[in-house]
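What follows is a set of notes on a single structure, which appears directly below.
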Amino acid sequence: MTQELATAAVAQVSTRPTTGWWRDAVIYQVYVRSFADGDGDGIGDLAGIRARLPHLRDLGADAVWLTPFYLSPQADGGYDVADYRTVDPLFGSLSDADDLVREAHRLGLRVIVDIVPNHTSDQHPWFRAALAGGPERERYHFHRGKGADGGLPPNDWESVFGGPAWTRVPDGDWYLHLFAPEQPDLDWEHPAVRAEFDSVLRFWLDLGVDGFRVDVAHGMVKAPGLPDIGASEQAKLIGNQVLPFFDQDGVHEIHRAWRTLLDGYDGERIAVAEAWAPSPERLALYVRPDELHQAFNFQFLTCDWDAERMRATVDASLAATGAVGAPTTWVLSNHDVVRHVTRYGGGEQGLRRARAAALFTLALPGSAYLYQGEELGLPEVTELPDAVRQDPAFHRASGQDGFRDGCRVPIPWTTDGPSYGFGEGASWLPQPDSWRGLSVAAQSGDPHSTLELYRSALALRRELPGLGDGTMTWLPAPEGVLAFARPGFVCTVNTLDHAVQLPLQGRPLLTSADVEFGSEHALLPAESAVWWAI
């Protein structure tokens with residue numbers, strides 16, 4: 001029923017305008033290692049992604065965001081870059097990157113690539129020269145240690161991945177790494193660092209990419225003097241307060257310079273900040289008119305399944321970004337967090353909530369980010385053997401939980417084969433047997449599947465003039481129910497664990513579950529959502 005309702009509605013409306021495409025874009029994140037394997041080595045690559053681009057077009061995405069595919073020792077899944085202008089042979093070649101961008105554009109998809117400016121790989125030529133005592137050492141944070149012999153780290157900063165944020169080198173100096181030791185932090189006060197990244201951005205813009213997701217956009221500037229924090233378990237403080245190594249005001253000068261660079265290119269090229277800030281107001285600073293175009297809304301991602309909290313988070317997010325004239329972004333999952341089907345309780349309940357959350361999210365004003373596999377309703381893989389885990393935090397203490405591999409398991413495309421269509425052989429992380437029934441092939445054409453729910457929702461979002469960028473108004477609703485209006489449209493969400501009877505809001509367009517419609521009322525099942533045309 002849901003698919004038929006959506007199909008009928010789409011036929012009656014016109015296509016939205018394309019100006020400021022990022023303001024209401026649906027951007028699909030591809031974790032390159034786990035999307036599609038084109039050469040049969042068990043690891044995803046650019047050729048595999050290119051072959052599967054029609055899935056994103058048919059899904060209704062506007063753009064694809066690719067995680068790093070640059071030359072890298074892969075100490076942190078490619079976020080340790082040894083050469084920013086070369087594709088790692090694991091993922092293909094520069095020619096493959098060029099072909100992918102051209103094919104995406106042919107299909108009407110824009111391409112956003114990751115840029116990693118906070119740190120390089122310890123195998124980057126600069127850092128290797130720095131270890132040898134060259135002047136490149138000034139491009140990183142090298143300092144003498146504390147104590148009589150300098151045997152203690154320069155300060156008490158901890159790595160996000162656990163353990164100290166400092167490693168000592170043979171000549172006695174220590175270098176800073178806010179993540180793994182293989183990821184030394186750059187010193188953005190050095191002009192060569194700024195010039196190099198301007199050049200890197202131009203390299204990929206000239207190749208044709210449409211923008212960048214800026215990794216750790218809040219981390220490039222450190223507080224003068226590198227002061228102690230005076231607390232342990234510092235990873236838990238990220239996003240809750242301004243730290244001397246994160247969300248320093250100096251990062252905004254860098255982003256303004258990058259915005260000027262991007263504005264010098266045609267085609268509305270954009271930059272998206274991965275920035276953990278302690279409040280929506282602090283996050284909004286990253287998307288002021290002369291800075292970046294978008295910033296990920298982690299307050300929304302971490303919000304509990306609770307109507308009051310969900311509404312408060314939406315209100316705070318819209319108020320903060322609205323004050324600077326920027327669109328808000330909405331995201332439920334990514335490559336660093338537990339998939340939301342599992343976060344919402346797992347099993348049938350988690351899937352019910354995830355489906356309802358998808359309709360809630362896609363109806364809100366602004367831009368939406370989808371993480372690969374969420375359109376299939378994939379849960380977190382929680383029982384991976386320790387021997388196959390590759391998250392560097394898994395092997396360190398007191399940092400992140402170290403279980404990010406569970407959301408990075410390669411996605412299933414078919415109902416058979418050693419990796420369910422991911423590639424010709426086994427995948428680099430094992431997939432659960434249950435995933436054959438969640439594959440693209442298994443769900444395609446099933447009007448009750450999560451895949452078809454997403455396809456229908458994205459088709460409506462693209463075509464209905466009241467969705468995407470714009471305004472919204474909350475409507476009166478019983479406790480535990482969220483209801484809001486957009487121009488010509490209403491969304492209602494029942495967050496409760498039991499059915500709720502509500503007056504009809506208009507003509508039903510799409511539902512996340514089987515809703516009973518009467519002549520005057522509708523019975524919304526537990527943890528479900530409805531889209532209405534008014």
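In the structure tokens, the first chain shown is A, the next is B, and so on; residue numbers restart at 1 for each chain, and ligands run from 1 in the order shown.
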| message | So that I can check the surroundings of segment 269-271 of chain A, please list as an NGL selection string every protein, DNA and RNA residue that reaches within 9 Å of it, counting only C-alpha atoms and ignoring chain neighbours fewer than 2 positions away. | response | :A and (22 or 112 or 205 or 209-214 or 255 or 258-259 or 262-263 or 265-267 or 273 or 291-295)
Would you mind exporting the chosen residues as a compact mmCIF listing (two decimals), in the first residue's frame, restricted to N, CA, C and O atoms?
```txt
# COMPACT_ATOMS: atom_id res chain seq x y z
N TRP A 22 22.67 21.99 -2.30
CA TRP A 22 23.00 21.36 -1.03
C TRP A 22 21.99 21.67 0.07
O TRP A 22 21.92 20.98 1.08
N ILE A 112 31.00 14.02 -3.57
CA ILE A 112 31.72 14.67 -2.49
C ILE A 112 32.78 13.69 -1.99
O ILE A 112 32.49 12.50 -1.79
N LEU A 205 39.09 19.45 -7.19
CA LEU A 205 38.08 20.28 -7.84
C LEU A 205 38.30 20.32 -9.35
O LEU A 205 37.35 20.26 -10.14
N VAL A 209 35.22 16.96 -8.80
CA VAL A 209 34.38 16.67 -7.65
C VAL A 209 33.56 17.90 -7.27
O VAL A 209 33.94 19.04 -7.55
N ASP A 210 32.44 17.66 -6.62
CA ASP A 210 31.50 18.73 -6.30
C ASP A 210 31.65 19.27 -4.89
O ASP A 210 30.92 20.19 -4.50
N GLY A 211 32.58 18.71 -4.13
CA GLY A 211 32.78 19.23 -2.79
C GLY A 211 33.55 18.27 -1.91
O GLY A 211 34.02 17.21 -2.35
N PHE A 212 33.64 18.64 -0.63
CA PHE A 212 34.46 17.90 0.33
C PHE A 212 33.71 17.74 1.64
O PHE A 212 33.03 18.66 2.10
N ARG A 213 33.85 16.59 2.23
CA ARG A 213 33.48 16.39 3.63
C ARG A 213 34.77 16.57 4.41
O ARG A 213 35.75 15.87 4.17
N VAL A 214 34.80 17.53 5.31
CA VAL A 214 36.03 17.91 6.01
C VAL A 214 36.12 17.11 7.31
O VAL A 214 35.39 17.36 8.27
N HIS A 255 38.40 27.84 7.48
CA HIS A 255 37.20 27.53 6.70
C HIS A 255 36.77 28.71 5.83
O HIS A 255 36.25 28.51 4.73
N TRP A 258 38.85 28.53 2.76
CA TRP A 258 38.40 27.46 1.88
C TRP A 258 37.11 27.83 1.16
O TRP A 258 36.90 27.47 0.01
N ARG A 259 36.24 28.55 1.84
CA ARG A 259 35.00 28.97 1.18
C ARG A 259 35.31 29.89 0.00
O ARG A 259 34.70 29.77 -1.08
N LEU A 262 36.46 27.69 -2.82
CA LEU A 262 35.36 26.96 -3.44
C LEU A 262 34.50 27.87 -4.29
O LEU A 262 34.04 27.48 -5.38
N ASP A 263 34.26 29.08 -3.82
CA ASP A 263 33.42 30.02 -4.57
C ASP A 263 34.06 30.45 -5.88
O ASP A 263 33.38 30.99 -6.76
N TYR A 265 35.10 28.42 -8.05
CA TYR A 265 34.76 27.39 -9.04
C TYR A 265 33.29 27.47 -9.39
O TYR A 265 32.45 27.87 -8.57
N ASP A 266 32.96 27.08 -10.61
CA ASP A 266 31.55 27.05 -11.00
C ASP A 266 30.90 25.76 -10.52
O ASP A 266 31.57 24.85 -10.03
N GLY A 267 29.59 25.70 -10.65
CA GLY A 267 28.89 24.47 -10.32
C GLY A 267 28.54 24.29 -8.86
O GLY A 267 28.18 23.19 -8.44
N ALA A 273 31.24 20.18 7.13
CA ALA A 273 32.08 20.03 8.32
C ALA A 273 31.66 18.83 9.14
O ALA A 273 30.48 18.71 9.52
N GLU A 291 31.55 30.83 5.57
CA GLU A 291 32.30 29.64 5.95
C GLU A 291 31.79 28.43 5.16
O GLU A 291 31.49 28.54 3.98
N LEU A 292 31.68 27.29 5.80
CA LEU A 292 31.31 26.08 5.10
C LEU A 292 29.80 26.04 4.83
O LEU A 292 29.04 26.77 5.43
N HIS A 293 29.40 25.14 3.93
CA HIS A 293 28.02 25.12 3.50
C HIS A 293 27.12 24.33 4.46
O HIS A 293 25.95 24.68 4.66
N GLN A 294 27.66 23.26 5.02
CA GLN A 294 26.89 22.40 5.91
C GLN A 294 27.78 21.91 7.05
O GLN A 294 29.02 21.91 6.93
N ALA A 295 27.13 21.45 8.12
CA ALA A 295 27.83 20.77 9.21
C ALA A 295 26.94 19.64 9.69
O ALA A 295 25.71 19.79 9.77
```
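Neighbours of segment 104-108 of chain A closer than or equal to 9 Å, with only C-alpha atoms counted and sequence neighbours fewer than 5 positions away skipped, come out as Arg50, Leu53, Pro54, Arg57, Asp62, Ala63, Val64 and Asp99 of chain A.
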| Gly239 of chain A: which residues within 7 Å, counting only C-alpha atoms, same-chain residues fewer than 6 positions away excluded, as a list in words? | Trp276, Ala277 and Pro278 of chain A
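By only C-alpha atoms, and with residues fewer than 5 positions from Gly172 of chain A along its chain excluded, the set lying at most 12 Å from it is Leu131, Gly133, Phe142, His143, Arg144, Gly145, Lys146, Gly147, Asp149, Gly150, Gly151, Leu152, Pro153, Pro154, Trp166 and Thr167 of chain A.
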Per residue of segment 19-135 of chain A within 6 Å of segment 421-429 of chain A, note the shortest atom pair and the distance in Å to one decimal, counting only C-alpha atoms, and order the rows by chain and increasing residue number, as CSV.
```
residue,atom,partner,partner_atom,distance
A:Ala36,CA,A:Phe422,CA,5.0
A:Asp37,CA,A:Gly423,CA,4.7
A:Gly40,CA,A:Glu424,CA,5.1
A:Gly42,CA,A:Ser427,CA,4.3
A:Ile43,CA,A:Trp428,CA,5.8
```
| field | Sel. of strand (DSSP E or B) residues, segment 8-139 of chain A, as an MDAnalysis selection string | value | chainID A and resid 26:30 63:66 70:71 83:87 110:115 119
| message | When you look at segment 242-248 of chain A with a cut-off of 9 Å (counting only C-alpha atoms), what residues show up, excluding the ones that are within fewer than 2 positions of it in the same chain? I need them as a ChimeraX atom specification. | response | /A:157,178,216-224,226-229,237-240,250-252,275-278,282-283
Take the residues from that selection and write them out as a PDB file, in the first residue's frame, keeping C-alpha atoms.
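Generated output (selection27.pdb):
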```
ATOM      1  CA  TRP A 157      45.950  15.169  26.338  1.00  0.00           C
ATOM      2  CA  LEU A 178      44.808  13.059  18.611  1.00  0.00           C
ATOM      3  CA  VAL A 216      37.736  16.647  12.046  1.00  0.00           C
ATOM      4  CA  ALA A 217      36.899  20.158  10.845  1.00  0.00           C
ATOM      5  CA  HIS A 218      36.927  21.277  14.477  1.00  0.00           C
ATOM      6  CA  GLY A 219      40.443  20.050  15.231  1.00  0.00           C
ATOM      7  CA  MET A 220      43.043  21.802  13.087  1.00  0.00           C
ATOM      8  CA  VAL A 221      43.814  24.578  15.602  1.00  0.00           C
ATOM      9  CA  LYS A 222      45.101  23.935  19.127  1.00  0.00           C
ATOM     10  CA  ALA A 223      44.968  26.352  22.056  1.00  0.00           C
ATOM     11  CA  PRO A 224      48.169  28.408  22.548  1.00  0.00           C
ATOM     12  CA  LEU A 226      48.770  23.382  24.659  1.00  0.00           C
ATOM     13  CA  PRO A 227      47.317  23.607  28.198  1.00  0.00           C
ATOM     14  CA  ASP A 228      46.455  20.563  30.285  1.00  0.00           C
ATOM     15  CA  ILE A 229      42.808  19.525  30.492  1.00  0.00           C
ATOM     16  CA  LEU A 237      34.074  15.299  26.758  1.00  0.00           C
ATOM     17  CA  ILE A 238      34.068  15.725  22.960  1.00  0.00           C
ATOM     18  CA  GLY A 239      30.900  17.474  21.884  1.00  0.00           C
ATOM     19  CA  ASN A 240      30.110  18.483  25.450  1.00  0.00           C
ATOM     20  CA  GLY A 250      40.940  29.681  15.015  1.00  0.00           C
ATOM     21  CA  VAL A 251      39.513  26.944  12.781  1.00  0.00           C
ATOM     22  CA  HIS A 252      37.033  29.408  11.331  1.00  0.00           C
ATOM     23  CA  ALA A 275      32.521  19.108  13.654  1.00  0.00           C
ATOM     24  CA  TRP A 276      31.712  18.055  17.192  1.00  0.00           C
ATOM     25  CA  ALA A 277      30.581  21.172  19.049  1.00  0.00           C
ATOM     26  CA  PRO A 278      29.066  21.440  22.527  1.00  0.00           C
ATOM     27  CA  ARG A 282      28.684  26.599  18.418  1.00  0.00           C
ATOM     28  CA  LEU A 283      28.030  24.260  15.483  1.00  0.00           C
TER      29      LEU A 283
END
```
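Using only C-alpha atoms, the contacts of Gly38 of chain A at a cut-off of 7 Å, with sequence neighbours closer than 3 positions omitted, comprise Gly44, Asp45, Ala47, Gly48 and Gly423 of chain A.
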| task | Determine which residues of segment 162-390 of chain A DSSP labels as alpha helix (DSSP H) from the backbone of this structure, then write them out as an NGL selection string. | result | :A and (191-207 or 251-263 or 280-284 or 298-301 or 307-322 or 340-343 or 347-363)
| task | Write out as a PyMOL selection string the residues lying within 8 Å of segment 187-197 of chain A, counting only C-alpha atoms and excluding same-chain residues fewer than 5 positions away. | result | chain A and resi 117+138-141+220-221
| Option closest in space to Ala326 of chain A, from A:Gly92, A:Gly366, A:Gly346, A:Gly208 [counting only C-alpha atoms] | A:Gly366
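Across the structure, atom CA of Cys407 of chain A and atom CA of Gly77 of chain A are spaced 12.9 Å apart.
Rounded to one decimal, atom CA of Glu479 of chain A and atom CA of Arg311 of chain A lie 11.7 Å from each other.
With only C-alpha atoms as the atoms that count, the minimum distance from Ala477 of chain A to the choices A:Glu308, A:Asp156, A:Glu136, A:Asp76 is reached by A:Glu308.
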